[in-house]
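Encoded as structure tokens, the structure appears first; notes follow it.
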Amino acid sequence: MSEQRHVEVVVVGAGFAGMYLIYRMRRAGRSVQGFETAGDVGGTWYWNRYPGARCDVESMEYSYDFDEDLQQEWTWTEKYSTQPEILRYAQHVADRFELRPHIRFNTRVEAAYYDEGTGRWLVRTDDGDELTCQFFVMATGCLSSANLPDIEGRDSFGGVLAHTGRWPHDGVDVTGKRVGIIGTGSSGIQAIPVLAAQAGHLTVFQRTAQFTLPARNGPLDPAEQDRIKETYAELRAANRKMPGAFGSRYARRKGNALDATPERLRAEFDFLWEQGGPLFLASFRDLMLDPEANRLAADFVREKIAEIVDDPETAARLTPHGLIGCKRLVIDTDYYETYNRPNVMLVDVGSRGDPIQRITPTGVLVGPDGTEGEGGEHHELDVLIFATGFDAMTGSLLRVDIRGRGGRALADKWANGPVTYLGLNVVGFPNLFTVTGPGSPSVLANMIVATEQHVDWISECIEHLDANGLTTIEATPEAEAEWVAHVNAIADRTIFPTCNSWYVGANIPGKPRVFMPLPGFPNYVKRCEEVVAGGYEGFVLS
Ligand code: N01
């Protein structure tokens, strides 16, 4: 019998986290095997090819900074990059650092079992391959497990059905067609203006109105790009001090909104609205902490919607109740303006309208509950798009059957919601690392900066173990419990846990309600550094 293949590190996922981890492991001379379900690198940017897909962190900030030559040689063309451009960048990184030979594409990791006897993980893939490793790293991303709601009749639809997060590689031709889209989160709001310009008719099925702010995207001035690159390291360092690890160039925190005069408040909000981008809520210190302060910002945006949208009824339906930024803030190009087009119709399927009854072979039936379609309205469609989001943060981790000490499944351990230490490791799962896992800043930070910080921490941790003749790291139950309490305490100081967002898992029926990311990137980094300085405080190294 041939001997089981063994590598030091297995990495699941070849998005920005997995690629950088493989780079670090190779640079340290370690044996590493990456696995990726997709046909190439890029992660989220490989899958999300829907029309209008782009990043809402500026291009000059949404990129790796681990290699000075890389960040100097790459040229971005727009203030906010499109999906194709970011995917080209990921492919460039893979070429430049020769990462692909270490990644097996079109391969899903199905299971990973920890063997307490050998201290190794046994990893199994969907093509029946098995190998062992010392360190098992889940770099599967926070928003990669697509949520395709099980709406009655879904599979009977006779036209083209597509999910934004699994967009067909050969595209979907909507030219002149009757198109319907379910969902008005970031993906829907980016896609809707582009679809409206191409489709014959677009019907938007909105369950909850969402706050969105203008991006004010445009070409990136080459001179400005050169200027930024001259002092790139300073920009990166300043960004790492920002709560979300981006946007230091626009930092203008000015006290509390509740202390500002109405004139000052208005001037500031007007300025930020015209400037565009996601830093609107970073302007006053209390906007994300105090519902009263938040309401001032929310009311400002509500007024803007009424100004932009011609039809008052449509404007009213598009106007969100509640707080701004409690659900992930959206950044758009011409979203509200799109509802002034004659070929766009907004159908409220939430509390202010009638729900979707079912999907039929030719469209979507909307109508009052309990009427079995009587009095309902049928929307005839050629194309139906689900922009219905993801099983965020835990979905892609729990898709793999991960079993730690005593054969305990991660899914069992997390039955009441995810618990981690630092969002990096879980008690009972030695040498398992989660990159941007629940309990770390992750989706509340610039994702590339957050992944680089985690990968650096993991890489240095493995170096430390090696240098000291150690083989295993595992969080202590006390440290894990304390960390979970800490994350909850920080979240509870903000408005975040107060609404039904994917941050708390509310978009997935039956998912435990737990606030999963951790607000505040700089404090988190400090804590990670202190843990290391304290000899990996809260971990047992053996
Ligand atoms: O998903 P979402 P997304 N019937 O969950 C609706 C990142 N991202 O793909 O609000 C009817 O936000 C749902 O309604 P409701 C970013 O972090 C970034 O848009 O639950 N409707 C909602 O309107 C983002 O936050 C970028 O009531 C249903 C929508 O579908 C995250 O990914 C671009 C439904 C889902 O919105 C997810 O964004 C894109 C049902 N059964 C994404 N189920 C950028 O960088 C769900 N909905 C800009």
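Residue names in the structure tokens use chain letters A, B, ... in the order shown, residue numbers from 1 in each chain, and ligand numbers from 1 in the order shown.
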
Q) Which residues in range 53-252 of chain A does DSSP call strand (DSSP E or B)? List them as a ChimeraX atom specification. A) /A:54,78,82,103-104,109-115,120-125,130-138,146,160-163,175,178-182,199,201-206,212-214,219

Q. Near range 98-103 of chain A, within 8 Å and counting only C-alpha atoms, which residues show up once chain neighbours fewer than 3 positions away are dropped, as a list in words?
A. Ala14, Met19, Ile22, Tyr23, Val32, Gln33, Gly34, Phe35, Glu36, Ala94 and Asp95 of chain A

With C-alpha atoms retained, export the selected residues as an mmCIF file, in the first residue's frame.
data_model
loop_
_atom_site.group_PDB
_atom_site.id
_atom_site.type_symbol
_atom_site.label_atom_id
_atom_site.label_comp_id
_atom_site.auth_asym_id
_atom_site.auth_seq_id
_atom_site.Cartn_x
_atom_site.Cartn_y
_atom_site.Cartn_z
ATOM 1 C CA ALA A 14 -7.800 30.319 -3.377
ATOM 2 C CA MET A 19 -3.355 32.904 -2.234
ATOM 3 C CA ILE A 22 0.201 29.812 0.011
ATOM 4 C CA TYR A 23 2.689 32.561 -0.849
ATOM 5 C CA VAL A 32 1.478 23.335 1.163
ATOM 6 C CA GLN A 33 -1.528 22.077 -0.751
ATOM 7 C CA GLY A 34 -4.333 24.429 -1.710
ATOM 8 C CA PHE A 35 -7.785 23.259 -2.785
ATOM 9 C CA GLU A 36 -10.282 25.376 -4.658
ATOM 10 C CA ALA A 94 -1.061 33.967 -8.996
ATOM 11 C CA ASP A 95 1.198 34.225 -12.082
#

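Using only C-alpha atoms, the smallest distance between any of A:Gly322, A:Pro418, A:Gly244, A:Gly276 and Leu296 in chain A comes from A:Gly322.
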
(Q) Any residue with an atom at most 7 Å from ligand 1 counts, using only C-alpha atoms and all ligand atoms. Which are they? Put them as a PyMOL selection string. (A) chain A and resi 53-57+143+149+151+164-165+182-188+190+205-208+328+330-331+349-350+387-390+443+501-502+507

Grab the residues selected above and save them as a PDB file, in the first residue's frame with C-alpha atoms.
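Printed below is result.pdb as written:
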ATOM      1  CA  ALA A  53     -20.265  43.841  -9.822  1.00  0.00           C
ATOM      2  CA  ARG A  54     -17.524  45.981  -8.363  1.00  0.00           C
ATOM      3  CA  CYS A  55     -15.803  46.641  -5.073  1.00  0.00           C
ATOM      4  CA  ASP A  56     -16.911  49.428  -2.765  1.00  0.00           C
ATOM      5  CA  VAL A  57     -13.513  49.948  -1.190  1.00  0.00           C
ATOM      6  CA  LEU A 143     -19.539  35.531   1.668  1.00  0.00           C
ATOM      7  CA  PRO A 149     -34.111  30.620  -1.070  1.00  0.00           C
ATOM      8  CA  ILE A 151     -39.346  29.647  -2.858  1.00  0.00           C
ATOM      9  CA  THR A 164     -25.584  36.800  -8.576  1.00  0.00           C
ATOM     10  CA  GLY A 165     -23.026  34.926  -6.475  1.00  0.00           C
ATOM     11  CA  ILE A 182     -35.284  39.236  -6.183  1.00  0.00           C
ATOM     12  CA  GLY A 183     -33.172  41.035  -3.605  1.00  0.00           C
ATOM     13  CA  THR A 184     -31.966  44.571  -3.034  1.00  0.00           C
ATOM     14  CA  GLY A 185     -28.754  44.176  -1.025  1.00  0.00           C
ATOM     15  CA  SER A 186     -25.335  45.200  -2.395  1.00  0.00           C
ATOM     16  CA  SER A 187     -25.489  42.726  -5.283  1.00  0.00           C
ATOM     17  CA  GLY A 188     -29.010  43.637  -6.391  1.00  0.00           C
ATOM     18  CA  GLN A 190     -25.243  47.128  -8.177  1.00  0.00           C
ATOM     19  CA  PHE A 205     -38.939  42.286  -6.107  1.00  0.00           C
ATOM     20  CA  GLN A 206     -37.945  44.122  -2.929  1.00  0.00           C
ATOM     21  CA  ARG A 207     -38.558  42.588   0.505  1.00  0.00           C
ATOM     22  CA  THR A 208     -36.763  45.245   2.550  1.00  0.00           C
ATOM     23  CA  ARG A 328     -24.338  46.494   5.523  1.00  0.00           C
ATOM     24  CA  VAL A 330     -24.586  49.793   0.067  1.00  0.00           C
ATOM     25  CA  ILE A 331     -22.732  52.023  -2.374  1.00  0.00           C
ATOM     26  CA  VAL A 349     -42.882  41.816  -1.486  1.00  0.00           C
ATOM     27  CA  GLY A 350     -42.159  42.794   2.122  1.00  0.00           C
ATOM     28  CA  ALA A 387     -29.644  38.544  -5.642  1.00  0.00           C
ATOM     29  CA  THR A 388     -30.437  36.889  -2.335  1.00  0.00           C
ATOM     30  CA  GLY A 389     -27.029  36.886  -0.717  1.00  0.00           C
ATOM     31  CA  PHE A 390     -25.082  34.327   1.262  1.00  0.00           C
ATOM     32  CA  VAL A 443     -16.510  41.838   6.910  1.00  0.00           C
ATOM     33  CA  SER A 501     -29.039  41.509   8.957  1.00  0.00           C
ATOM     34  CA  TRP A 502     -26.796  38.747   7.675  1.00  0.00           C
ATOM     35  CA  ASN A 507     -31.221  36.026   6.430  1.00  0.00           C
TER      36      ASN A 507
END

Q: May I ask which of the residues A:Arg108, A:Lys229, A:His6, A:Arg403 is the closest one to Leu70 in chain A, counting only C-alpha atoms?
A: A:Lys229

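The closest residue to Leu289 in chain A, picked from A:Glu537, A:Cys326, A:Pro193, A:Glu482 and counting only C-alpha atoms, is A:Cys326.
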
Q | Picked from range 57-250 of chain A by DSSP as alpha helix (DSSP H), as number ranges by chain | A | A: 68-73, 83-96, 186-198, 222-230, 232-240

Output of the above residues as a PDB file, in the first residue's frame, restricted to C-alpha atoms:
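The file below, part03.pdb, is the result:
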ATOM      1  CA  GLU A  68       6.233  46.628  -2.728  1.00  0.00           C
ATOM      2  CA  ASP A  69       6.957  45.722  -6.377  1.00  0.00           C
ATOM      3  CA  LEU A  70       3.499  44.255  -6.787  1.00  0.00           C
ATOM      4  CA  GLN A  71       1.746  47.330  -5.485  1.00  0.00           C
ATOM      5  CA  GLN A  72       3.923  49.610  -7.604  1.00  0.00           C
ATOM      6  CA  GLU A  73       3.556  47.713 -10.874  1.00  0.00           C
ATOM      7  CA  GLN A  83     -15.107  42.489 -10.884  1.00  0.00           C
ATOM      8  CA  PRO A  84     -13.206  41.664 -14.119  1.00  0.00           C
ATOM      9  CA  GLU A  85     -10.364  44.008 -13.163  1.00  0.00           C
ATOM     10  CA  ILE A  86     -10.058  42.589  -9.628  1.00  0.00           C
ATOM     11  CA  LEU A  87     -10.102  39.060 -11.039  1.00  0.00           C
ATOM     12  CA  ARG A  88      -7.304  40.017 -13.473  1.00  0.00           C
ATOM     13  CA  TYR A  89      -5.350  41.346 -10.497  1.00  0.00           C
ATOM     14  CA  ALA A  90      -5.823  38.069  -8.591  1.00  0.00           C
ATOM     15  CA  GLN A  91      -4.682  36.141 -11.667  1.00  0.00           C
ATOM     16  CA  HIS A  92      -1.669  38.432 -12.006  1.00  0.00           C
ATOM     17  CA  VAL A  93      -0.717  37.707  -8.391  1.00  0.00           C
ATOM     18  CA  ALA A  94      -1.061  33.967  -8.996  1.00  0.00           C
ATOM     19  CA  ASP A  95       1.198  34.225 -12.082  1.00  0.00           C
ATOM     20  CA  ARG A  96       3.738  36.520 -10.520  1.00  0.00           C
ATOM     21  CA  SER A 186     -25.335  45.200  -2.395  1.00  0.00           C
ATOM     22  CA  SER A 187     -25.489  42.726  -5.283  1.00  0.00           C
ATOM     23  CA  GLY A 188     -29.010  43.637  -6.391  1.00  0.00           C
ATOM     24  CA  ILE A 189     -28.392  47.364  -6.040  1.00  0.00           C
ATOM     25  CA  GLN A 190     -25.243  47.128  -8.177  1.00  0.00           C
ATOM     26  CA  ALA A 191     -26.920  44.982 -10.808  1.00  0.00           C
ATOM     27  CA  ILE A 192     -30.270  46.792 -11.121  1.00  0.00           C
ATOM     28  CA  PRO A 193     -29.092  49.962 -12.955  1.00  0.00           C
ATOM     29  CA  VAL A 194     -27.005  47.910 -15.414  1.00  0.00           C
ATOM     30  CA  LEU A 195     -29.795  45.385 -16.032  1.00  0.00           C
ATOM     31  CA  ALA A 196     -32.327  48.187 -16.490  1.00  0.00           C
ATOM     32  CA  ALA A 197     -30.200  49.720 -19.244  1.00  0.00           C
ATOM     33  CA  GLN A 198     -30.095  46.424 -21.158  1.00  0.00           C
ATOM     34  CA  PRO A 222      -2.953  58.304 -13.377  1.00  0.00           C
ATOM     35  CA  ALA A 223      -1.226  61.283 -11.737  1.00  0.00           C
ATOM     36  CA  GLU A 224      -3.187  60.726  -8.526  1.00  0.00           C
ATOM     37  CA  GLN A 225      -2.364  57.029  -8.657  1.00  0.00           C
ATOM     38  CA  ASP A 226       1.348  57.854  -8.994  1.00  0.00           C
ATOM     39  CA  ARG A 227       1.134  60.284  -6.109  1.00  0.00           C
ATOM     40  CA  ILE A 228      -0.446  57.647  -3.863  1.00  0.00           C
ATOM     41  CA  LYS A 229       2.193  55.102  -4.838  1.00  0.00           C
ATOM     42  CA  GLU A 230       5.011  57.473  -3.871  1.00  0.00           C
ATOM     43  CA  TYR A 232       2.032  53.908  -0.405  1.00  0.00           C
ATOM     44  CA  ALA A 233       3.439  52.525   2.845  1.00  0.00           C
ATOM     45  CA  GLU A 234       2.232  55.602   4.731  1.00  0.00           C
ATOM     46  CA  LEU A 235      -1.274  55.227   3.327  1.00  0.00           C
ATOM     47  CA  ARG A 236      -1.405  51.553   4.227  1.00  0.00           C
ATOM     48  CA  ALA A 237      -0.196  52.281   7.766  1.00  0.00           C
ATOM     49  CA  ALA A 238      -2.744  55.069   8.207  1.00  0.00           C
ATOM     50  CA  ASN A 239      -5.518  52.800   6.930  1.00  0.00           C
ATOM     51  CA  ARG A 240      -4.624  50.144   9.473  1.00  0.00           C
TER      52      ARG A 240
END

Q: Name all residues at most 7 Å from Phe539 in chain A (count only C-alpha atoms; drop same-chain ones fewer than 2 positions away) and give them as an NGL selection string.
A: :A and (473-476 or 536-537 or 541)
